[in-house]
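Student: I have a structure here, written as structure tokens, and I will follow up with some questions on it.
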Amino acid sequence: MPRFAANLSMLYPELDFLDRFEAAARDGFAAVEYLFPYAYEPRELAARLAAHGLQQVLFNAPPGNWDGGEKGLACLPGREPEFRAAIGSALRYAEALGCPRVHVMAGLLPQGLDRAAVQPTYVANLRWAAAEAARQNVALMIEPINTRDIPGFFLNRQDQAHQLLAQVGAPNVKVQMDLYHCQIVEGDVAMKIRHYLPTGRVGHLQIAGVPERHEPDIGELNYAYLFGVIDEVSAQCGWDGWIGCEYRPARGALAGGTSAGLGWLNRPA
Ligand SMILES: O=C(O)C(=O)[C@@H](O)CO
Ligand SMILES: [Mg+2]
């Protein structure tokens with residue numbers, strides 16, 4: 001089986017955020033990821049990780065005005081100073097938490113501008129951020145997100161992300177391949193895993209059932225099969241990343257919390 005990280009922004013909604021670390025460790029997770037650490041002091045989060053023997057494997061850079069609907073700053077012309085400050089803040093947390101990956105959300109296409117118009121801003125921002133992150137050995141993730149969950153998001157497809165990586169030209173910028181988004185936008189998920197993992201340009205995977213974004217064993221994707229594909233391809237190409245469990249528990253919500261819905265994780269292959 002691949003290595004799984006608990007996404008603490010979505011799992012364990014029945015607990016306060018800081019109590020989700022202990023719950024994840026109790027359920028056998030060795031690693032966690034979540035959207036944003038910024039509401040907490042780095043040392044408070046580092047203490048939770050240490051107390052429960054967990055690794056932090058991913059979090060997101062500040063995305064702009066999240067409550068106001070913003071979903072990242074990277075593609076927004078004129079917001080470069082804010083983008084740079086956001087990366088600075090993310091890298092300070094990454095250092096304190098020993099976290100090797102930061103997800104840099106692309107952002108929504110500004111009114112009246114198309115992809116081609118904002119692409120130079122996106123590429124220039126990522127080049128700058130990649131150089132900063134490289135100094136402390138951090139990799140930056142870019143994630144294609146489906147247009148139903150986030151209409152107007154700049155980055156939607158795996159091929160688009162890999163083309164952008166080629167333009168950015170920095171080895172520490174990689175794709176966060178979320179199979180939930182990939183299935184909704186593109187499908188053919190097993191073949192995309194076979195194609196993209198061996199390129200060395202996928203830095204992180206994430207999973208959820210499709211279409212409701214519940215447990216991986218609810219919905220149209222056969223994750224038991226896909227985990228077999230990931231294991232097979234990883235053995236061939238040496239991919240050794242983590243898979244973030246980024247779903248809203250449904251079974252658990254009905255009976256016994258998130259832990260009760262983790263049967264898919266503990267099932268022998
Ligand atoms: O929504 C997702 O998928 C993510 O991975 C988040 O980091 C961005 O909303
Ligand atoms: Mg995701």
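Starting from 1 in every chain, residues are counted up; chains themselves are A, B, ... following the order of the structure tokens, and ligands are numbered from 1 as listed.
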Would you mind writing down, as a PDB file with C-alpha atoms, in the first residue's frame, each residue of range 1-30 of chain A that DSSP on the backbone assigns to strand (DSSP E)?

Tutor:
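Now in part12.pdb:
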ATOM      1  CA  ARG A   3       1.869   6.000   2.256  1.00  0.00           C
ATOM      2  CA  PHE A   4      -1.154   8.018   3.379  1.00  0.00           C
ATOM      3  CA  ALA A   5      -1.321  11.415   5.102  1.00  0.00           C
ATOM      4  CA  ALA A   6      -4.415  12.581   6.959  1.00  0.00           C
ATOM      5  CA  ASN A   7      -5.761  15.898   5.691  1.00  0.00           C
TER       6      ASN A   7
END

Student: I'd like the neighbourhood of Gly152 in chain A as a PDB file with N, CA and C atoms, in the first residue's frame, where a residue qualifies if any of its atoms comes within 7 Å (using only C-alpha atoms), though same-chain residues fewer than 3 positions away should be ignored.

Tutor:
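Output below, filename result-v2.pdb:
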ATOM      1  N   LEU A 108      -7.955  32.559  -9.133  1.00  0.00           N
ATOM      2  CA  LEU A 108      -9.057  32.661 -10.104  1.00  0.00           C
ATOM      3  C   LEU A 108      -8.649  33.603 -11.219  1.00  0.00           C
ATOM      4  N   LEU A 109      -9.089  33.288 -12.432  1.00  0.00           N
ATOM      5  CA  LEU A 109      -8.834  34.201 -13.555  1.00  0.00           C
ATOM      6  C   LEU A 109      -9.520  35.536 -13.258  1.00  0.00           C
ATOM      7  N   THR A 147     -13.394  22.506 -12.214  1.00  0.00           N
ATOM      8  CA  THR A 147     -14.115  23.774 -12.412  1.00  0.00           C
ATOM      9  C   THR A 147     -15.508  23.765 -11.783  1.00  0.00           C
TER      10      THR A 147
END

Student: Name the residues in contact with Gly64 in chain A at a cut-off of 12 Å, using only C-alpha atoms, excluding same-chain residues fewer than 2 positions from it; report them as an NGL selection string.

Tutor: :A and (36 or 60-62 or 66-76 or 79-87 or 104-108)

Student: Restrict the selected residues to C-alpha atoms and save them as a PDB file, in the first residue's frame.

Tutor:
ATOM      1  CA  PHE A  36      -3.394  26.629   6.421  1.00  0.00           C
ATOM      2  CA  ASN A  60      -0.780  25.757   1.504  1.00  0.00           C
ATOM      3  CA  ALA A  61       0.766  29.174   1.092  1.00  0.00           C
ATOM      4  CA  PRO A  62      -1.569  32.045   2.088  1.00  0.00           C
ATOM      5  CA  TRP A  66      -9.929  33.279   1.343  1.00  0.00           C
ATOM      6  CA  ASP A  67     -13.097  34.361   3.166  1.00  0.00           C
ATOM      7  CA  GLY A  68     -13.719  36.838   0.352  1.00  0.00           C
ATOM      8  CA  GLY A  69     -13.490  34.032  -2.218  1.00  0.00           C
ATOM      9  CA  GLU A  70      -9.874  34.275  -3.365  1.00  0.00           C
ATOM     10  CA  LYS A  71      -8.142  30.973  -4.162  1.00  0.00           C
ATOM     11  CA  GLY A  72      -4.505  31.924  -4.513  1.00  0.00           C
ATOM     12  CA  LEU A  73      -2.421  34.817  -5.751  1.00  0.00           C
ATOM     13  CA  ALA A  74      -0.009  33.273  -8.238  1.00  0.00           C
ATOM     14  CA  CYS A  75      -1.862  34.238 -11.436  1.00  0.00           C
ATOM     15  CA  LEU A  76      -3.014  37.681 -10.327  1.00  0.00           C
ATOM     16  CA  ARG A  79      -0.593  41.321  -6.615  1.00  0.00           C
ATOM     17  CA  GLU A  80       3.100  40.354  -6.797  1.00  0.00           C
ATOM     18  CA  PRO A  81       4.126  42.053  -3.530  1.00  0.00           C
ATOM     19  CA  GLU A  82       1.393  40.168  -1.662  1.00  0.00           C
ATOM     20  CA  PHE A  83       2.372  36.933  -3.408  1.00  0.00           C
ATOM     21  CA  ARG A  84       5.978  37.362  -2.307  1.00  0.00           C
ATOM     22  CA  ALA A  85       4.976  38.109   1.272  1.00  0.00           C
ATOM     23  CA  ALA A  86       2.757  34.987   1.244  1.00  0.00           C
ATOM     24  CA  ILE A  87       5.628  32.808   0.089  1.00  0.00           C
ATOM     25  CA  VAL A 104       0.904  27.394  -4.081  1.00  0.00           C
ATOM     26  CA  MET A 105      -2.678  27.868  -5.282  1.00  0.00           C
ATOM     27  CA  ALA A 106      -2.931  29.431  -8.735  1.00  0.00           C
ATOM     28  CA  GLY A 107      -5.914  31.729  -8.189  1.00  0.00           C
ATOM     29  CA  LEU A 108      -9.057  32.661 -10.104  1.00  0.00           C
TER      30      LEU A 108
END

Student: Which of these, A:Ile150, A:Leu35, A:Leu113, A:Leu164, has the shortest distance to Leu126 in chain A once you count only C-alpha atoms?

Tutor: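 Closest to Leu126 in chain A of all the choices is A:Leu164.
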
Student: Show me which residues are within 7 Å of ligand 2 counting only C-alpha atoms and all ligand atoms, and format the list as an NGL selection string.

Tutor: :A and (143 or 178 or 206 or 246)

Student: Between CA of Pro37 in chain A and CA of Val210 in chain A, what is the distance, to one decimal in Å?

Tutor: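 Computing it gives 27.1 Å between the two atoms.
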
Student: Out of A:Val173, A:Ile184, A:Cys99, A:Ala50, which residue has the shortest atom-to-atom distance to ligand 1 when counting only C-alpha atoms and all ligand atoms?

Tutor: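 Comparing A:Val173, A:Ile184, A:Cys99, A:Ala50 against ligand 1, the winner is A:Ile184.
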
Student: Env of range 224-239 of chain A: 12 Å cut, atoms = only C-alpha atoms, seq-sep filter 3 positions within chain, self excluded. Answer as a PyMOL selection string.

Tutor: chain A and resi 1-4+179+183+188-207+209+216-218+220-221+242-243+263-269

Student: Any chance you can output those residues with C-alpha atoms as a CSV table (one decimal), in the first residue's frame?

Tutor:
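Result saved to selection29.csv:
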chain,number,residue,atom,x,y,z
A,1,MET,CA,0.0,0.0,0.0
A,2,PRO,CA,1.2,3.6,-0.6
A,3,ARG,CA,1.9,6.0,2.3
A,4,PHE,CA,-1.2,8.0,3.4
A,179,LEU,CA,-7.1,12.2,-8.3
A,183,GLN,CA,-11.4,12.2,-12.5
A,188,ASP,CA,-8.6,8.0,-17.5
A,189,VAL,CA,-7.0,8.2,-14.0
A,190,ALA,CA,-5.0,5.0,-14.0
A,191,MET,CA,-3.4,5.8,-17.4
A,192,LYS,CA,-2.6,9.3,-16.1
A,193,ILE,CA,-0.8,7.8,-13.1
A,194,ARG,CA,1.2,5.6,-15.4
A,195,HIS,CA,2.1,8.5,-17.6
A,196,TYR,CA,2.9,11.2,-15.0
A,197,LEU,CA,4.5,9.4,-12.0
A,198,PRO,CA,7.5,8.2,-13.9
A,199,THR,CA,8.3,11.8,-15.1
A,200,GLY,CA,9.5,12.7,-11.6
A,201,ARG,CA,7.3,15.8,-11.8
A,202,VAL,CA,4.5,14.7,-9.4
A,203,GLY,CA,5.4,15.7,-5.9
A,204,HIS,CA,2.2,14.7,-4.1
A,205,LEU,CA,-1.0,12.8,-4.6
A,206,GLN,CA,-4.4,13.3,-3.0
A,207,ILE,CA,-7.6,11.2,-3.0
A,209,GLY,CA,-14.4,9.6,-3.6
A,216,PRO,CA,-12.4,6.8,-1.3
A,217,ASP,CA,-14.6,3.6,-1.2
A,218,ILE,CA,-17.7,5.6,-1.9
A,220,GLU,CA,-17.3,5.9,-9.1
A,221,LEU,CA,-13.5,5.5,-8.7
A,242,TRP,CA,2.6,10.7,0.1
A,243,ILE,CA,-1.1,10.4,-0.7
A,263,GLY,CA,-12.1,0.7,6.7
A,264,TRP,CA,-10.9,1.4,3.2
A,265,LEU,CA,-7.4,2.2,4.6
A,266,ASN,CA,-7.1,-0.9,6.8
A,267,ARG,CA,-8.4,-3.4,4.2
A,268,PRO,CA,-5.7,-5.8,3.0
A,269,ALA,CA,-4.9,-5.3,-0.7

Student: Near Arg26 in chain A, within 12 Å and counting only C-alpha atoms, which residues show up once chain neighbours fewer than 2 positions away are dropped, as a compact mmCIF listing (two decimals) with C-alpha atoms, in the first residue's frame?

Tutor:
# COMPACT_ATOMS: atom_id res chain seq x y z
CA ALA A 6 -4.41 12.58 6.96
CA TYR A 12 -11.97 14.70 11.97
CA ASP A 19 -7.03 17.58 18.62
CA ARG A 20 -7.04 16.13 15.09
CA PHE A 21 -3.27 15.41 15.29
CA GLU A 22 -3.74 12.90 18.09
CA ALA A 23 -6.73 11.32 16.34
CA ALA A 24 -4.77 10.87 13.11
CA GLY A 28 -2.25 4.86 12.28
CA PHE A 29 -1.37 7.85 10.11
CA ALA A 30 2.34 8.72 10.16
CA ALA A 31 1.85 12.05 8.38
CA ALA A 51 3.92 14.71 20.62
CA HIS A 52 2.21 12.29 18.25
CA GLY A 53 5.20 11.23 16.14
CA LEU A 54 3.74 12.78 12.97
CA THR A 258 -13.91 9.86 10.92
CA SER A 259 -12.17 6.78 12.35
CA LEU A 262 -11.36 4.34 7.61

Student: If I take CA of Ala133 in chain A and CA of Gln176 in chain A, how far is one from the other in Å, to one decimal?

Tutor: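 Spanning CA of Ala133 in chain A to CA of Gln176 in chain A is a straight-line distance of 16.3 Å.
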